[in-house]
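Student: Structure incoming, see below.
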Amino acid sequence: MSLLSKRHLAAALTAAAMLFGGAMVPPAMALTEDEVGTVTRILGELEPEFGKIAYDETVADEWFEQDQENEGRIAKAGFTRESWKEALDATFMGYLATIPESQFEAEMTKIEARLETSSTMNAEQKTAMREIMNEQFAEIRALRESGRDYVDTVRPYADHLHAVFGDPVN
């Protein structure tokens with residue numbers, strides 16, 4: 001496997017782990033379509049400045065702080081740090097739930113296949129990485145399940161959110 005291929009495998013695994021982040025407690029709020037629209041708009045506005053969002057449990061706070069140092073768009077839209085985190089978490093989980101099951105599982109299979117075909121890891125390393133991936137995949141599936149509560153509210157914005165969150169594998 002070439003150095004570039006090794007980097008692609010590592011990047012894909014890292015991206016999947018970063019995108020789908022650690023375990024989160026589902027927000028207690030009832031997400032409205034207006035809130036999803038506002039979150040989606042803000043993410044789209046901030047993405048050119050902050051880059052693609054690598055979603056994890058800390059990103060809402062990080063983006064809130066960075067935005068406060070700049071134009072304060074999040075606060076101007078009526079969000080507090082806590083309400084922004086709740087709305088972003090719920091939007092992200094709802095977005096995950098909009099991805100068709102077959103497509104979602106195909107993406108997970110691609111990541112697994114990259115690991116299995118890697119020539120840079122020995123069997124022991126692959127086993128360790130497989131265990132980490134299985135934990136990550138379980139967390140991702142739990143987020144998707146929590147997102148089912150928000151799927152209908154988020155669905156109208158799924159294409160825009162995909163542009164901000166990007167492809168979880170590539």
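Letters A, B, ... go to the chains of the structure tokens in the order shown; residues in each chain start at 1; ligands are counted from 1 in the same order.
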Which residues come within 12 Å of A:Ile42, counting only C-alpha atoms, excluding same-chain residues fewer than 2 positions away, as a count of residues only?
Tutor: 33
Student: Which residues are near A:Glu105? Cut-off 10 Å, only C-alpha atoms, ignore same chain within fewer than 5 positions. Put them as a list in words.
Tutor: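 In the requested format, the answer is Ile99, Pro100, Lys110, Ile111, Phe137 and Arg141 of chain A.
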Student: Just the residues within 9 Å of A:Asp61, please, counting only C-alpha atoms, with nothing from its chain fewer than 6 positions along; format it as an MDAnalysis selection string.
Tutor: chainID A and resid 81:82 84:85
Student: Could you tell me which of A:Glu86, A:Glu139, A:Glu124, A:Glu101 comes closest to A:Ala30 if we count only C-alpha atoms?
Tutor: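 Nearest to A:Ala30: A:Glu86.
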Student: Name the residues in contact with A:Thr98 at a cut-off of 7 Å, using only C-alpha atoms, excluding same-chain residues fewer than 2 positions from it; report them as a PyMOL selection string.
Tutor: chain A and resi 94-96+100+151+155+158
Student: Chain A: which residues are helix (DSSP H, G or I) by DSSP, as number ranges by chain?
Tutor: A: 3-20, 33-50, 59-69, 73-76, 81-98, 101-117, 123-147, 151-165
Student: Using C-alpha atoms, can you export the residues from the last selection as a short mmCIF file (atom, residue, chain, number, x, y, z; two decimals), in the first residue's frame?
Tutor:
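For reference, out.cif as written:
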```
data_model
loop_
_atom_site.label_atom_id
_atom_site.label_comp_id
_atom_site.auth_asym_id
_atom_site.auth_seq_id
_atom_site.Cartn_x
_atom_site.Cartn_y
_atom_site.Cartn_z
CA LEU A 3 2.03 6.15 1.55
CA LEU A 4 -0.86 8.07 0.01
CA SER A 5 -3.19 5.07 0.43
CA LYS A 6 -2.06 4.66 4.04
CA ARG A 7 -2.87 8.29 4.66
CA HIS A 8 -6.29 7.90 3.01
CA LEU A 9 -7.11 4.93 5.25
CA ALA A 10 -5.96 6.77 8.35
CA ALA A 11 -7.81 9.89 7.28
CA ALA A 12 -11.01 7.95 6.59
CA LEU A 13 -10.92 6.26 9.98
CA THR A 14 -10.11 9.53 11.72
CA ALA A 15 -12.82 11.39 9.81
CA ALA A 16 -15.42 8.80 10.71
CA ALA A 17 -14.41 8.90 14.35
CA MET A 18 -14.32 12.71 14.42
CA LEU A 19 -17.52 13.18 12.47
CA PHE A 20 -19.50 10.79 14.53
CA GLU A 33 -38.02 23.46 11.90
CA ASP A 34 -37.16 27.14 12.39
CA GLU A 35 -34.31 26.18 14.74
CA VAL A 36 -32.97 23.62 12.26
CA GLY A 37 -33.17 26.23 9.52
CA THR A 38 -31.28 28.74 11.65
CA VAL A 39 -28.63 26.19 12.67
CA THR A 40 -28.22 25.15 9.03
CA ARG A 41 -27.92 28.76 7.87
CA ILE A 42 -25.36 29.60 10.57
CA LEU A 43 -23.30 26.49 9.82
CA GLY A 44 -23.28 27.42 6.15
CA GLU A 45 -22.18 30.98 6.95
CA LEU A 46 -19.46 29.91 9.39
CA GLU A 47 -18.10 26.97 7.39
CA PRO A 48 -15.98 29.12 5.03
CA GLU A 49 -14.31 30.70 8.07
CA PHE A 50 -14.13 27.68 10.39
CA VAL A 59 -17.61 21.35 18.51
CA ALA A 60 -20.70 23.35 19.55
CA ASP A 61 -18.75 25.10 22.31
CA GLU A 62 -15.74 25.63 20.05
CA TRP A 63 -17.80 27.18 17.26
CA PHE A 64 -19.74 29.30 19.75
CA GLU A 65 -16.49 30.68 21.19
CA GLN A 66 -14.91 31.29 17.77
CA ASP A 67 -18.08 33.01 16.59
CA GLN A 68 -18.17 35.20 19.71
CA GLU A 69 -14.67 36.40 18.84
CA ARG A 73 -23.88 35.31 14.55
CA ILE A 74 -24.93 32.46 16.81
CA ALA A 75 -25.89 34.78 19.69
CA LYS A 76 -27.45 37.28 17.27
CA ARG A 81 -24.16 28.61 24.45
CA GLU A 82 -26.44 25.89 25.89
CA SER A 83 -29.32 26.32 23.43
CA TRP A 84 -26.83 26.33 20.53
CA LYS A 85 -25.32 23.06 21.75
CA GLU A 86 -28.76 21.47 22.16
CA ALA A 87 -29.94 22.63 18.74
CA LEU A 88 -26.70 21.63 16.98
CA ASP A 89 -26.66 18.21 18.69
CA ALA A 90 -30.29 17.53 17.79
CA THR A 91 -29.76 18.77 14.23
CA PHE A 92 -26.72 16.54 13.79
CA MET A 93 -28.47 13.49 15.21
CA GLY A 94 -31.49 14.19 13.03
CA TYR A 95 -29.20 14.55 10.02
CA LEU A 96 -27.64 11.15 10.76
CA ALA A 97 -31.13 9.65 10.94
CA THR A 98 -32.00 11.04 7.48
CA GLU A 101 -29.99 2.67 6.38
CA SER A 102 -28.52 0.96 3.31
CA GLN A 103 -26.34 3.97 2.50
CA PHE A 104 -25.27 4.33 6.12
CA GLU A 105 -24.30 0.66 6.43
CA ALA A 106 -22.49 0.81 3.06
CA GLU A 107 -20.37 3.69 4.39
CA MET A 108 -19.52 1.70 7.51
CA THR A 109 -18.63 -1.29 5.33
CA LYS A 110 -16.27 0.89 3.25
CA ILE A 111 -14.41 1.91 6.39
CA GLU A 112 -14.17 -1.70 7.54
CA ALA A 113 -12.93 -2.78 4.11
CA ARG A 114 -10.19 -0.16 4.15
CA LEU A 115 -9.00 -1.52 7.46
CA GLU A 116 -9.08 -5.13 6.29
CA THR A 117 -7.14 -4.37 3.10
CA ALA A 123 -3.14 -8.66 12.51
CA GLU A 124 -2.86 -7.48 16.11
CA GLN A 125 -3.12 -3.81 15.10
CA LYS A 126 -6.10 -4.57 12.89
CA THR A 127 -7.81 -6.37 15.76
CA ALA A 128 -7.27 -3.38 18.06
CA MET A 129 -8.49 -0.97 15.39
CA ARG A 130 -11.52 -3.17 14.71
CA GLU A 131 -12.48 -3.00 18.40
CA ILE A 132 -12.21 0.81 18.36
CA MET A 133 -14.25 0.98 15.17
CA ASN A 134 -16.94 -1.30 16.60
CA GLU A 135 -17.26 1.00 19.63
CA GLN A 136 -17.43 4.06 17.37
CA PHE A 137 -20.00 2.42 15.10
CA ALA A 138 -22.15 1.54 18.13
CA GLU A 139 -22.03 5.17 19.27
CA ILE A 140 -22.90 6.37 15.78
CA ARG A 141 -25.86 4.00 15.60
CA ALA A 142 -27.03 5.25 19.01
CA LEU A 143 -26.84 8.85 17.75
CA ARG A 144 -28.84 7.86 14.66
CA GLU A 145 -31.45 6.21 16.86
CA SER A 146 -31.71 9.34 19.04
CA GLY A 147 -31.97 11.40 15.87
CA VAL A 151 -35.71 13.25 11.44
CA ASP A 152 -38.91 14.82 10.09
CA THR A 153 -37.86 18.26 11.32
CA VAL A 154 -34.34 17.96 9.87
CA ARG A 155 -35.19 16.22 6.58
CA PRO A 156 -35.95 19.47 4.64
CA TYR A 157 -32.39 20.61 5.41
CA ALA A 158 -30.56 17.30 4.87
CA ASP A 159 -28.90 18.30 1.58
CA HIS A 160 -27.63 21.58 3.04
CA LEU A 161 -26.40 19.78 6.15
CA HIS A 162 -24.62 17.19 4.01
CA ALA A 163 -22.74 20.05 2.34
CA VAL A 164 -21.61 21.30 5.77
CA PHE A 165 -20.89 17.96 7.43
#
```
Student: Take atom CA of A:Gly166 and atom CA of A:Gly51 and report the distance between them in Å, one decimal.
Tutor: 10.7 Å
